[in-house]
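Enquirer: Below is one structure. I have some questions about it.
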Amino acid sequence: MSASIAPGRLHVVSTPIGNLGDFSFRAIETLRGVTLILAEDTRHSRTLLDRYEIRTPVASYHEHNEAKMTPGLVERLLGGDELALISDAGTPLVSDPGARLVRAAIDAGISVTAVPGASALLSALVASGVNADRFTFFGFLPRKGRERSATLAELASLPHTAVLYEAPSRVSDTLADLEAQGAGERFAAVAREMTKQYEEVRRGTVRTLRAYYSNTPPRGEVVIVLAGAEARVVDEAEVRMRARELVAERRSARDVVAQLVAELGVPRNRAYEIVEEEKS
């Protein structure tokens, strides 16, 4: 009787976000030792792999083919292959594809290990001057509609630091939207091209940053770091009066709650309670 084959492992490997020198020895050894590297864009990754003389076969794995490829990759892992997942830059799964494969591997009982490294959001956070003890990462904001309005309202009332990604062409609009939500005087930082030749971190209030980027659109990859909102003493009578006004406009409960949170800094759960009481 032949011995059973031990399953392989899936290695989630972080790559540099700009400066190729930010690649760890462990990451290089891992990529040299696995059976196959799964890359978001094989052409983009080839520069990095060639720099460190990594000759391991590479296959394309991205959001358009991950559903089709994942079952076969899990079979390879179960058969003993060691696979490595990388993204174009930074840590896979953070605003990048890969979650489907990681989840499928875990469900199949396969070991998943992380090889840490560069991260744009952490690089921007620690260089921003904003409190890093507690933060929420929002990724890319919704482009429009109620989902965007709700997210902006949450950002405006969040009591701790927020970190988000934004396309350079939309930085001014997003800062303007935050200003319109009452966050104009909050301290923030706009970090771009982290670890690259033209790295820049500009700090100031949301209002001053909005004014600057309205006239000077940024280039490259951008991270916005927003300080948390200061605690506000809220008069419940004022909150109820504003809730009645908004309810009278036939707005949905969700919209009214978002407005109360943004305008008056009411905790979301309490805002829901007040809205339900005013609607009854």
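Residue names in the structure tokens use chain letters A, B, ... in the order shown, residue numbers from 1 in each chain, and ligand numbers from 1 in the order shown.
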Contacts of Glu230 in chain A at 10 Å or less, counting only C-alpha atoms, minus same-chain residues fewer than 6 places along, as a PDB file with N, CA and C atoms, in the first residue's frame?
Expert:
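What follows is the written file result.pdb:
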ATOM      1  N   SER A 157     -18.024  60.543  11.133  1.00  0.00           N
ATOM      2  CA  SER A 157     -18.324  60.378  12.559  1.00  0.00           C
ATOM      3  C   SER A 157     -17.409  59.375  13.254  1.00  0.00           C
ATOM      4  N   LEU A 158     -16.547  58.707  12.519  1.00  0.00           N
ATOM      5  CA  LEU A 158     -15.689  57.679  13.094  1.00  0.00           C
ATOM      6  C   LEU A 158     -14.791  58.279  14.181  1.00  0.00           C
ATOM      7  N   PRO A 159     -14.790  57.718  15.389  1.00  0.00           N
ATOM      8  CA  PRO A 159     -14.014  58.320  16.479  1.00  0.00           C
ATOM      9  C   PRO A 159     -12.528  57.976  16.452  1.00  0.00           C
ATOM     10  N   HIS A 160     -12.109  57.108  15.540  1.00  0.00           N
ATOM     11  CA  HIS A 160     -10.688  56.781  15.444  1.00  0.00           C
ATOM     12  C   HIS A 160     -10.225  56.945  13.989  1.00  0.00           C
ATOM     13  N   ARG A 186     -10.851  68.416  10.306  1.00  0.00           N
ATOM     14  CA  ARG A 186     -10.138  67.233  10.792  1.00  0.00           C
ATOM     15  C   ARG A 186      -8.738  67.164  10.192  1.00  0.00           C
ATOM     16  N   GLY A 265     -23.206  63.985  14.982  1.00  0.00           N
ATOM     17  CA  GLY A 265     -22.304  63.062  15.663  1.00  0.00           C
ATOM     18  C   GLY A 265     -23.007  62.090  16.586  1.00  0.00           C
TER      19      GLY A 265
END
Enquirer: Output as JSON, numbers by chain all residues of range 1-208 of chain A that backbone DSSP marks as alpha helix (DSSP H).
Expert: {"A": [25, 26, 27, 28, 29, 30, 31, 32, 33, 42, 43, 44, 45, 46, 47, 48, 49, 50, 51, 66, 67, 68, 69, 70, 71, 72, 73, 74, 75, 76, 77, 78, 99, 100, 101, 102, 103, 104, 105, 106, 107, 120, 121, 122, 123, 124, 125, 126, 127, 128, 145, 146, 147, 148, 149, 150, 151, 152, 153, 154, 155, 156, 157, 171, 172, 173, 174, 175, 176, 177, 178, 206, 207, 208]}
Enquirer: Do a neighbour search on Ala227 in chain A at 12 Å with only C-alpha atoms, toss out local chain neighbours closer than 6 positions, and write the hits as a PyMOL selection string.
Expert: chain A and resi 125+128-136+155-164+178+183-190+203-206
Enquirer: Which of these residues is nearest to Phe137 in chain A, using only C-alpha atoms: A:Leu152, A:Val58, A:Val201, A:Val225?
Expert: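 Checking each candidate against Phe137 in chain A, we get A:Val225 as the closest.
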Enquirer: Applying 12 Å and only C-alpha atoms, which residues near Val234 in chain A remain after dropping the ones on its own chain fewer than 6 positions away? List them as a PyMOL selection string.
Expert: chain A and resi 240+260-261+263-267+270-271
Enquirer: Atoms to include: C-alpha atoms. Write the selected residues as an mmCIF file, in the first residue's frame.
Expert:
data_model
loop_
_atom_site.group_PDB
_atom_site.id
_atom_site.type_symbol
_atom_site.label_atom_id
_atom_site.label_comp_id
_atom_site.auth_asym_id
_atom_site.auth_seq_id
_atom_site.Cartn_x
_atom_site.Cartn_y
_atom_site.Cartn_z
ATOM 1 C CA ARG A 240 -35.154 64.668 17.842
ATOM 2 C CA LEU A 260 -27.963 62.519 12.020
ATOM 3 C CA VAL A 261 -24.616 60.785 12.366
ATOM 4 C CA GLU A 263 -24.511 66.421 11.162
ATOM 5 C CA LEU A 264 -24.707 65.889 14.902
ATOM 6 C CA GLY A 265 -22.304 63.062 15.663
ATOM 7 C CA VAL A 266 -25.014 60.850 17.128
ATOM 8 C CA PRO A 267 -23.914 57.231 17.703
ATOM 9 C CA ARG A 270 -28.894 55.646 19.123
ATOM 10 C CA ALA A 271 -29.787 57.439 15.880
#
Enquirer: Tell me, as a ChimeraX atom specification, which residues lie within 8 Å of Ala104 in chain A, counting only C-alpha atoms; anything in the same chain fewer than 3 positions away does not count.
Expert: /A:70-71,74,100-101,107-108
Enquirer: Can you check which parts of range 73-123 of chain A lie within 12 Å of range 51-57 of chain A? Per residue, the shortest pair of atoms and distance in Å to one decimal, counting only C-alpha atoms, sorted by chain and number, as a Markdown table.
Expert:
| residue | atom | partner | partner_atom | distance |
| --- | --- | --- | --- | --- |
| A:Glu82 | CA | A:Thr56 | CA | 11.3 |
| A:Leu83 | CA | A:Thr56 | CA | 10.3 |
| A:Ala84 | CA | A:Thr56 | CA | 10.1 |
Enquirer: Hey, what's within 12 Å of Ser4 in chain A if we count only C-alpha atoms and toss same-chain stuff fewer than 6 positions away? As JSON, numbers by chain, please?
Expert: {"A": [78, 79, 80]}
Enquirer: Could those residues be written to a file, using N, CA and C atoms, as a PDB file, in the first residue's frame?
Expert:
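The resulting file, part_37.pdb, is shown below:
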ATOM      1  N   LEU A  78      -3.708  19.792  -2.507  1.00  0.00           N
ATOM      2  CA  LEU A  78      -4.020  18.513  -1.863  1.00  0.00           C
ATOM      3  C   LEU A  78      -3.074  17.412  -2.348  1.00  0.00           C
ATOM      4  N   GLY A  79      -2.584  17.573  -3.573  1.00  0.00           N
ATOM      5  CA  GLY A  79      -1.664  16.594  -4.130  1.00  0.00           C
ATOM      6  C   GLY A  79      -0.222  16.789  -3.697  1.00  0.00           C
ATOM      7  N   GLY A  80       0.032  17.799  -2.867  1.00  0.00           N
ATOM      8  CA  GLY A  80       1.369  17.995  -2.334  1.00  0.00           C
ATOM      9  C   GLY A  80       2.122  19.187  -2.871  1.00  0.00           C
TER      10      GLY A  80
END
Enquirer: With distances taken over only C-alpha atoms, which residue among A:Leu10, A:Leu48, A:Leu141, A:Leu175 lies nearest Ser95 in chain A?
Expert: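 Smallest separation from Ser95 in chain A among the options: A:Leu141.
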Enquirer: With distances taken over only C-alpha atoms, which of A:Val223, A:Met241, A:Ala229, A:Ile274 is nearest to Ser123 in chain A?
Expert: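 Answer, going by the shortest atom-to-atom distance: A:Val223.
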Enquirer: Residues at most 7 Å from Tyr61 in chain A, counting only C-alpha atoms, excluding those fewer than 3 positions away in the same chain, as a short mmCIF file (atom, residue, chain, number, x, y, z; two decimals) with C-alpha atoms, in the first residue's frame?
Expert:
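Saved to around.cif:
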data_model
loop_
_atom_site.label_atom_id
_atom_site.label_comp_id
_atom_site.auth_asym_id
_atom_site.auth_seq_id
_atom_site.Cartn_x
_atom_site.Cartn_y
_atom_site.Cartn_z
CA LEU A 38 0.33 32.76 -8.80
CA ALA A 39 0.66 36.38 -9.92
CA GLU A 40 -1.97 39.01 -10.61
CA ASN A 65 -10.14 33.84 -13.72
CA GLU A 66 -10.02 33.04 -10.00
#
Enquirer: With distances taken over only C-alpha atoms, which residue among A:Arg143, A:Arg46, A:Arg244, A:Arg170 lies nearest Ser214 in chain A?
Expert: A:Arg170
Enquirer: DSSP on the backbone, then: every residue of range 58-272 of chain A marked strand (DSSP E), written as an MDAnalysis selection string.
Expert: chainID A and resid 58:60 83:86 111:115 135:140 161:166 187:192 200:205 222:226
Enquirer: Report, in Å with one decimal, the straight-line distance from CA of Ala67 in chain A to CA of Thr30 in chain A.
Expert: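 These atoms are spaced 25.1 Å apart.
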Enquirer: Taking into account only C-alpha atoms, which residue in the set A:Thr174, A:Thr195, A:Gln181, A:Glu276 is nearest to Leu209 in chain A?
Expert: A:Thr174
Enquirer: When you count only C-alpha atoms, which of these residues is closest to Ala153 in chain A: A:Val13, A:Ala180, A:Val112, A:Met194?
Expert: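 Among the listed residues, A:Ala180 lies closest to Ala153 in chain A.
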